[in-house]
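Below: one structure, written as structure tokens.
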Amino acid sequence: MNAFWCVVEDDRSGRPKKVMAEVLGEATRLGGPTEAVWLTDQATDEGLTQLGEWGAGKIWLLENAAFAPYRSEVWAGALGDLAQKESPKAIFGPVTSRQRELLARLAARLGVGIAADAVGFALDGDKLVATRPVYAGKLLSKVTWAKRPCVATLRPNVFRPADAQAGRTAPVERPAVSAPTAQMKFVERREEVSTGLPELTEAEIVISGGRGMKGPENYVILEQMGAVIGAAVGASRAAVDAGWRPHRFQIGQTGRTISPKLYMGFGVSGAIQHLAGMRTSKVIVAVNKDPEAPIFKIADYGIVADLFEVVPQLTQEFKRLLDK
Amino acid sequence: MKILVAVKQVPDTATQVKIGADSKAIDTAGITWIVSPYDEFAVEEALRIKEKRGQGEVVAVTLGPERAKETLRSCLAMGCDRAIHVNDPALADADTLTAARALAAVIKQEAPPLVLCGRQAIDDDMGAVPAQLAEILGWPSAYWIMEEAVDAGGKSIRVARQVEGGLEVFELPLPAVLTCQKGLNEPRYPTLKGIMGAKKKEIKDVKAGDLGLGAVERQLSVVNLEALPPRPPGRVIQGDVATAVKELVRALREEAKAI
């Protein structure tokens, strides 16, 4: 078989997340064969169809009430048993709160290496080489595995998503795999108050406010812009440490790593800790009063001006553009 | 209750890093070393658990060369009771699995009911060792915890872990491995008394042989380190705000195709 396995990240309601198009797309680009492995308490037909359209040649469906909610001990056990039987050549998953832990645990179970948060892959003969940012994103490290399967997590928004092909379907195989009994017990889930904006690590556009925002009350202007262009709103460490935004909104080291298509920083100086979390963004815009702010060094477009003048006008311009 | 905290010495974020001669590791000359920032949240949480329970012991453990003792001293200065240094050239450039196997061997000897780690070390940002420890030990684990409470009998711990869109609360029987992150607590600064006291606290050196580790076969190896590819030069858009904003939107749409 020797397939590339892509471990499905879903919305906990039976639908794979969009980032799976990137993971499946990369597995296919590397030559496949591409297979999805889905651990869930309940898959949907729509979700299975989606995985096929994104290029999964086969779907391993491990459907069991024990898989919800996610617990690494249960998932790694089931996944490990299946991997030992089927010998995939690689096991990929997106960087998410679950898979960061799951695939590390799985690699230990299988006695193989893991490359976390990869941003690129290349084949050297049949040897897989992964590229990953290290030292606060200041260097890139190329790593390779001593043996298969090559386990890796892939940074969202970096890899080209597979083009969905309507009508392409994948056979579903339900292997006889038992789920280990969980030692940890689920108590409850506490939902965050939704901002109505996308999640920071998943968003294609991220707006970030730094010390220049002057206070928590001013983030509303960034949220207004976010609502117009469908962007997540984050913050720099300085803003989080000042108590202006909760920690979950922090971009950078000790916060979230993002790699959106478009990043726009307002009043963000661009400290090395911040750059560590956003420097792989495709297009970077910086607005800052200080022309010496380090963020201008990596920005594709900069405006040296007061953000409180720029933001409302920019929101209006975006509105005009997108209304057309 | 005994709590073991696994820590790592890393270059300060602000330090300039240069690729070393073999191009597989950085040139360590002139580097300022610190305790990986996430590990400080783990040390702080361990100290708080001990203080709340009014008894217990917090043991810091690290894997690294001789200079990593500085990191253990910092943990002792914060309030850890003693430290263990896995200090063996045979374990240099360990991959995560090698590191996890060595640390798991220490944990088996120490038998603490709770192991705390930082979410990831800020040098290689793998974040893999805690989960691998849990797997090797057969313990449950929870990543990215934002709160915890140990039950009165010290038999279980309730944690809230950060997931996309919220927090998930679990109860884990002990022993267990947890990873700590920002938002969990505010790490203390060592006091002068703490720094002086740290000099008298024990740091035990252990070798691979003491841990019963056999031949070390690395599963992941570095092919080479590379500098970042340069970003295409950017431009600062000139003109008054109204003009600059219009030009920015035009460029984002027409040149960058980003909106």
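The way I read the labels, and the way they are meant: chains A, B, ... in the order of the structure tokens, residue 1 as the first residue of every chain, and ligand 1 as the first ligand shown, with later ones counted on from there.
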- Query: Would you list which chain A residues are within 7 Å of chain B using only C-alpha atoms, as a ChimeraX atom specification?
  - Reply: /A:73,97,101,104-105,108-109,112-114,116,134-136,138-147,183-192,247,254,261-262,272-273,298-303,310,313-314,317
Grab the residues selected above and save them as a CSV table (one decimal), in the first residue's frame with N, CA and C atoms.
```csv
chain,number,residue,atom,x,y,z
A,73,GLU,N,-4.6,9.7,23.9
A,73,GLU,CA,-4.3,8.3,24.3
A,73,GLU,C,-5.2,7.4,23.5
A,97,SER,N,-4.7,22.3,17.6
A,97,SER,CA,-4.4,21.9,19.0
A,97,SER,C,-4.4,20.4,19.2
A,101,GLU,N,-0.5,17.4,19.3
A,101,GLU,CA,-0.2,16.4,20.4
A,101,GLU,C,-0.3,15.0,19.8
A,104,ALA,N,2.6,13.6,17.5
A,104,ALA,CA,3.8,13.4,18.3
A,104,ALA,C,3.7,12.1,19.1
A,105,ARG,N,2.5,11.9,19.7
A,105,ARG,CA,2.3,10.7,20.5
A,105,ARG,C,2.3,9.5,19.5
A,108,ALA,N,5.8,8.5,18.6
A,108,ALA,CA,6.5,7.7,19.7
A,108,ALA,C,6.0,6.3,19.7
A,109,ARG,N,4.7,6.1,19.5
A,109,ARG,CA,4.1,4.8,19.5
A,109,ARG,C,4.7,3.9,18.4
A,112,VAL,N,9.1,6.4,15.4
A,112,VAL,CA,9.6,7.1,14.3
A,112,VAL,C,9.7,8.6,14.6
A,113,GLY,N,10.3,9.3,13.7
A,113,GLY,CA,10.5,10.8,13.9
A,113,GLY,C,9.3,11.6,13.5
A,114,ILE,N,9.2,12.8,14.1
A,114,ILE,CA,8.1,13.7,13.7
A,114,ILE,C,8.7,15.0,13.4
A,116,ALA,N,7.3,18.7,13.2
A,116,ALA,CA,6.1,19.5,13.5
A,116,ALA,C,6.2,20.8,12.8
A,134,VAL,N,12.7,27.4,12.4
A,134,VAL,CA,13.2,27.3,13.7
A,134,VAL,C,13.8,28.6,14.2
A,135,TYR,N,14.2,28.6,15.5
A,135,TYR,CA,14.7,29.9,16.1
A,135,TYR,C,13.9,31.1,15.8
A,136,ALA,N,12.7,31.0,16.3
A,136,ALA,CA,11.7,32.2,16.1
A,136,ALA,C,11.6,32.5,14.6
A,138,LYS,N,13.8,32.5,12.4
A,138,LYS,CA,14.9,33.2,11.8
A,138,LYS,C,15.7,32.3,10.8
A,139,LEU,N,15.5,31.0,11.0
A,139,LEU,CA,16.2,30.0,10.1
A,139,LEU,C,15.2,28.9,9.7
A,140,LEU,N,15.5,28.3,8.6
A,140,LEU,CA,14.8,27.1,8.2
A,140,LEU,C,15.6,25.9,8.4
A,141,SER,N,15.0,24.8,8.9
A,141,SER,CA,15.7,23.6,9.1
A,141,SER,C,15.1,22.5,8.2
A,142,LYS,N,16.0,21.8,7.5
A,142,LYS,CA,15.6,20.7,6.7
A,142,LYS,C,15.8,19.4,7.4
A,143,VAL,N,14.8,18.6,7.5
A,143,VAL,CA,15.0,17.4,8.3
A,143,VAL,C,14.5,16.2,7.5
A,144,THR,N,15.0,15.0,7.9
A,144,THR,CA,14.6,13.8,7.3
A,144,THR,C,14.5,12.7,8.3
A,145,TRP,N,13.8,11.6,7.9
A,145,TRP,CA,13.5,10.5,8.8
A,145,TRP,C,14.4,9.3,8.6
A,146,ALA,N,14.7,8.6,9.7
A,146,ALA,CA,15.5,7.4,9.6
A,146,ALA,C,14.7,6.3,9.0
A,147,LYS,N,13.4,6.2,9.3
A,147,LYS,CA,12.5,5.2,8.8
A,147,LYS,C,11.1,5.7,8.6
A,183,GLN,N,-8.3,7.0,29.8
A,183,GLN,CA,-8.0,7.2,31.2
A,183,GLN,C,-8.6,8.5,31.6
A,184,MET,N,-8.6,9.5,30.7
A,184,MET,CA,-9.1,10.8,31.1
A,184,MET,C,-10.5,11.0,30.7
A,185,LYS,N,-11.3,11.7,31.6
A,185,LYS,CA,-12.7,11.8,31.4
A,185,LYS,C,-13.1,13.2,31.0
A,186,PHE,N,-14.0,13.3,30.1
A,186,PHE,CA,-14.5,14.6,29.6
A,186,PHE,C,-15.4,15.1,30.6
A,187,VAL,N,-15.3,16.4,30.9
A,187,VAL,CA,-16.1,17.1,31.9
A,187,VAL,C,-17.1,18.0,31.2
A,188,GLU,N,-16.5,19.0,30.4
A,188,GLU,CA,-17.4,19.9,29.7
A,188,GLU,C,-16.6,20.7,28.7
A,189,ARG,N,-17.3,21.3,27.8
A,189,ARG,CA,-16.6,22.2,26.8
A,189,ARG,C,-17.2,23.6,27.0
A,190,ARG,N,-16.3,24.6,27.1
A,190,ARG,CA,-16.7,26.0,27.3
A,190,ARG,C,-16.5,26.7,26.0
A,191,GLU,N,-17.5,27.1,25.3
A,191,GLU,CA,-17.3,27.8,24.1
A,191,GLU,C,-16.9,29.2,24.3
A,192,GLU,N,-16.0,29.7,23.5
A,192,GLU,CA,-15.6,31.1,23.6
A,192,GLU,C,-16.8,32.0,23.0
A,247,HIS,N,-5.3,36.3,25.9
A,247,HIS,CA,-4.1,35.7,25.3
A,247,HIS,C,-4.4,34.9,24.0
A,254,THR,N,5.0,32.6,22.1
A,254,THR,CA,4.1,32.5,23.3
A,254,THR,C,2.7,32.8,22.9
A,261,LYS,N,-3.0,34.6,3.9
A,261,LYS,CA,-2.7,35.2,2.6
A,261,LYS,C,-2.3,36.7,2.7
A,262,LEU,N,-3.0,37.3,3.7
A,262,LEU,CA,-2.8,38.7,3.9
A,262,LEU,C,-2.8,39.0,5.4
A,272,ILE,N,10.8,40.9,17.3
A,272,ILE,CA,11.1,39.6,16.8
A,272,ILE,C,10.1,38.5,17.3
A,273,GLN,N,9.6,38.7,18.5
A,273,GLN,CA,8.6,37.7,19.0
A,273,GLN,C,7.4,37.7,18.1
A,298,ILE,N,10.0,43.9,6.7
A,298,ILE,CA,9.4,42.7,6.1
A,298,ILE,C,8.1,43.0,5.4
A,299,ALA,N,7.6,44.2,5.4
A,299,ALA,CA,6.3,44.5,4.9
A,299,ALA,C,6.4,44.7,3.4
A,300,ASP,N,5.4,44.1,2.7
A,300,ASP,CA,5.3,44.3,1.2
A,300,ASP,C,4.8,45.7,0.9
A,301,TYR,N,3.8,46.2,1.7
A,301,TYR,CA,3.3,47.5,1.6
A,301,TYR,C,3.2,48.2,3.0
A,302,GLY,N,3.7,49.4,3.0
A,302,GLY,CA,3.7,50.2,4.3
A,302,GLY,C,3.0,51.5,4.1
A,303,ILE,N,2.4,52.0,5.2
A,303,ILE,CA,1.9,53.4,5.2
A,303,ILE,C,2.4,53.9,6.5
A,310,VAL,N,-6.0,56.0,9.3
A,310,VAL,CA,-6.0,55.0,8.2
A,310,VAL,C,-7.1,54.0,8.3
A,313,GLN,N,-10.8,54.9,7.0
A,313,GLN,CA,-10.8,55.1,5.5
A,313,GLN,C,-10.5,53.8,4.8
A,314,LEU,N,-9.6,53.0,5.3
A,314,LEU,CA,-9.4,51.7,4.7
A,314,LEU,C,-10.6,50.8,4.7
A,317,GLU,N,-12.9,51.9,2.0
A,317,GLU,CA,-12.4,51.5,0.7
A,317,GLU,C,-12.6,50.0,0.4
```
- Within 12 Å of Gly214 of chain B using only C-alpha atoms, minus same-chain residues under 6 positions, as a PyMOL selection string: chain B and resi 90-91+98+101-102+105+207-208
Write out as a compact mmCIF listing (two decimals) with C-alpha atoms, in the first residue's frame the residues lying within 6 Å of segment 225-232 of chain A, counting only C-alpha atoms and excluding same-chain residues fewer than 3 positions away.
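Listing of around.txt after writing:
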```
# COMPACT_ATOMS: atom_id res chain seq x y z
CA LEU A 197 -14.92 36.53 12.78
CA PRO A 198 -12.79 33.58 11.60
CA LEU A 200 -6.98 33.23 14.01
CA ALA A 203 -8.20 32.82 8.64
CA ILE A 205 -6.77 37.41 6.23
CA VAL A 206 -5.54 38.53 9.64
CA LEU A 222 -10.30 46.51 13.60
CA THR A 315 -12.51 49.99 5.93
```
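Separating atom CA of Asn2 of chain A from atom CA of Pro175 of chain A is a distance of 16.4 Å.
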- Item | Nearest candidate to Val37 of chain A (options A:Leu82, A:Trp54, A:Gly14, A:Phe266; using only C-alpha atoms) |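 Nearest candidate to Val37 of chain A out of A:Leu82, A:Trp54, A:Gly14, A:Phe266: A:Leu82.
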- Item | Residues near segment 111-118 of chain B, cut-off 8 Å, only C-alpha atoms, skip fewer than 4 positions along chain, as a ChimeraX atom specification | /B:1-7,36-43,46,107,130,174-181
Can I get the selected residues back with N, CA and C atoms, as a tab-separated table (two decimals), in the first residue's frame?
```
chain	number	residue	atom	x	y	z
B	1	MET	N	3.09	16.12	47.35
B	1	MET	CA	3.09	15.59	45.99
B	1	MET	C	4.37	16.03	45.27
B	2	LYS	N	5.00	15.08	44.63
B	2	LYS	CA	6.20	15.41	43.87
B	2	LYS	C	5.80	15.79	42.44
B	3	ILE	N	6.32	16.90	41.97
B	3	ILE	CA	6.03	17.32	40.59
B	3	ILE	C	7.35	17.47	39.85
B	4	LEU	N	7.42	16.87	38.70
B	4	LEU	CA	8.63	16.99	37.89
B	4	LEU	C	8.35	17.95	36.73
B	5	VAL	N	9.25	18.91	36.53
B	5	VAL	CA	9.09	19.86	35.45
B	5	VAL	C	10.24	19.68	34.47
B	6	ALA	N	9.91	19.41	33.22
B	6	ALA	CA	10.95	19.24	32.19
B	6	ALA	C	11.18	20.59	31.51
B	7	VAL	N	12.43	21.03	31.51
B	7	VAL	CA	12.74	22.35	30.96
B	7	VAL	C	13.86	22.23	29.91
B	36	SER	N	13.52	28.26	28.25
B	36	SER	CA	12.47	28.45	27.25
B	36	SER	C	11.23	29.04	27.93
B	37	PRO	N	10.70	30.15	27.39
B	37	PRO	CA	9.65	30.90	28.11
B	37	PRO	C	8.44	30.05	28.52
B	38	TYR	N	8.03	29.12	27.69
B	38	TYR	CA	6.88	28.29	28.06
B	38	TYR	C	7.19	27.45	29.30
B	39	ASP	N	8.46	27.06	29.45
B	39	ASP	CA	8.83	26.23	30.60
B	39	ASP	C	8.65	26.99	31.91
B	40	GLU	N	8.78	28.31	31.85
B	40	GLU	CA	8.60	29.10	33.07
B	40	GLU	C	7.16	29.03	33.56
B	41	PHE	N	6.21	28.90	32.61
B	41	PHE	CA	4.81	28.73	33.04
B	41	PHE	C	4.66	27.38	33.75
B	42	ALA	N	5.39	26.38	33.28
B	42	ALA	CA	5.31	25.05	33.89
B	42	ALA	C	5.93	25.06	35.29
B	43	VAL	N	7.09	25.71	35.42
B	43	VAL	CA	7.74	25.81	36.74
B	43	VAL	C	6.81	26.55	37.71
B	46	ALA	N	3.89	24.45	38.82
B	46	ALA	CA	4.31	23.41	39.76
B	46	ALA	C	4.50	24.01	41.16
B	107	ILE	N	11.92	9.96	34.72
B	107	ILE	CA	10.60	9.98	35.36
B	107	ILE	C	10.30	8.63	36.01
B	130	PRO	N	6.50	16.31	25.22
B	130	PRO	CA	5.52	15.97	26.27
B	130	PRO	C	4.59	14.82	25.86
B	174	LEU	N	-4.05	10.65	37.93
B	174	LEU	CA	-2.59	10.81	37.98
B	174	LEU	C	-1.95	9.43	38.06
B	175	PRO	N	-0.80	9.25	37.48
B	175	PRO	CA	0.10	10.25	36.88
B	175	PRO	C	-0.34	10.69	35.48
B	176	ALA	N	0.09	11.92	35.14
B	176	ALA	CA	-0.26	12.49	33.85
B	176	ALA	C	0.79	13.52	33.44
B	177	VAL	N	0.79	13.83	32.15
B	177	VAL	CA	1.68	14.86	31.59
B	177	VAL	C	0.82	16.01	31.07
B	178	LEU	N	1.19	17.24	31.42
B	178	LEU	CA	0.47	18.41	30.93
B	178	LEU	C	1.44	19.38	30.29
B	179	THR	N	0.98	20.14	29.30
B	179	THR	CA	1.83	21.23	28.80
B	179	THR	C	1.18	22.57	29.12
B	180	CYS	N	2.05	23.50	29.50
B	180	CYS	CA	1.63	24.80	30.02
B	180	CYS	C	1.93	25.90	29.02
B	181	GLN	N	1.12	26.93	29.05
B	181	GLN	CA	1.33	28.04	28.11
B	181	GLN	C	0.95	29.36	28.76
```
- Residue among B:Ala92, B:Ala68, B:Leu63, B:Ala149 lying closest to Val206 of chain B, counting only C-alpha atoms: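 Residue with the minimum atom-to-atom distance to Val206 of chain B: B:Leu63.
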- Note on the structure: With distances taken over only C-alpha atoms, the candidate from A:Pro33, A:Gly47, A:Gly209, A:Gly137 nearest Ala90 of chain A is A:Pro33
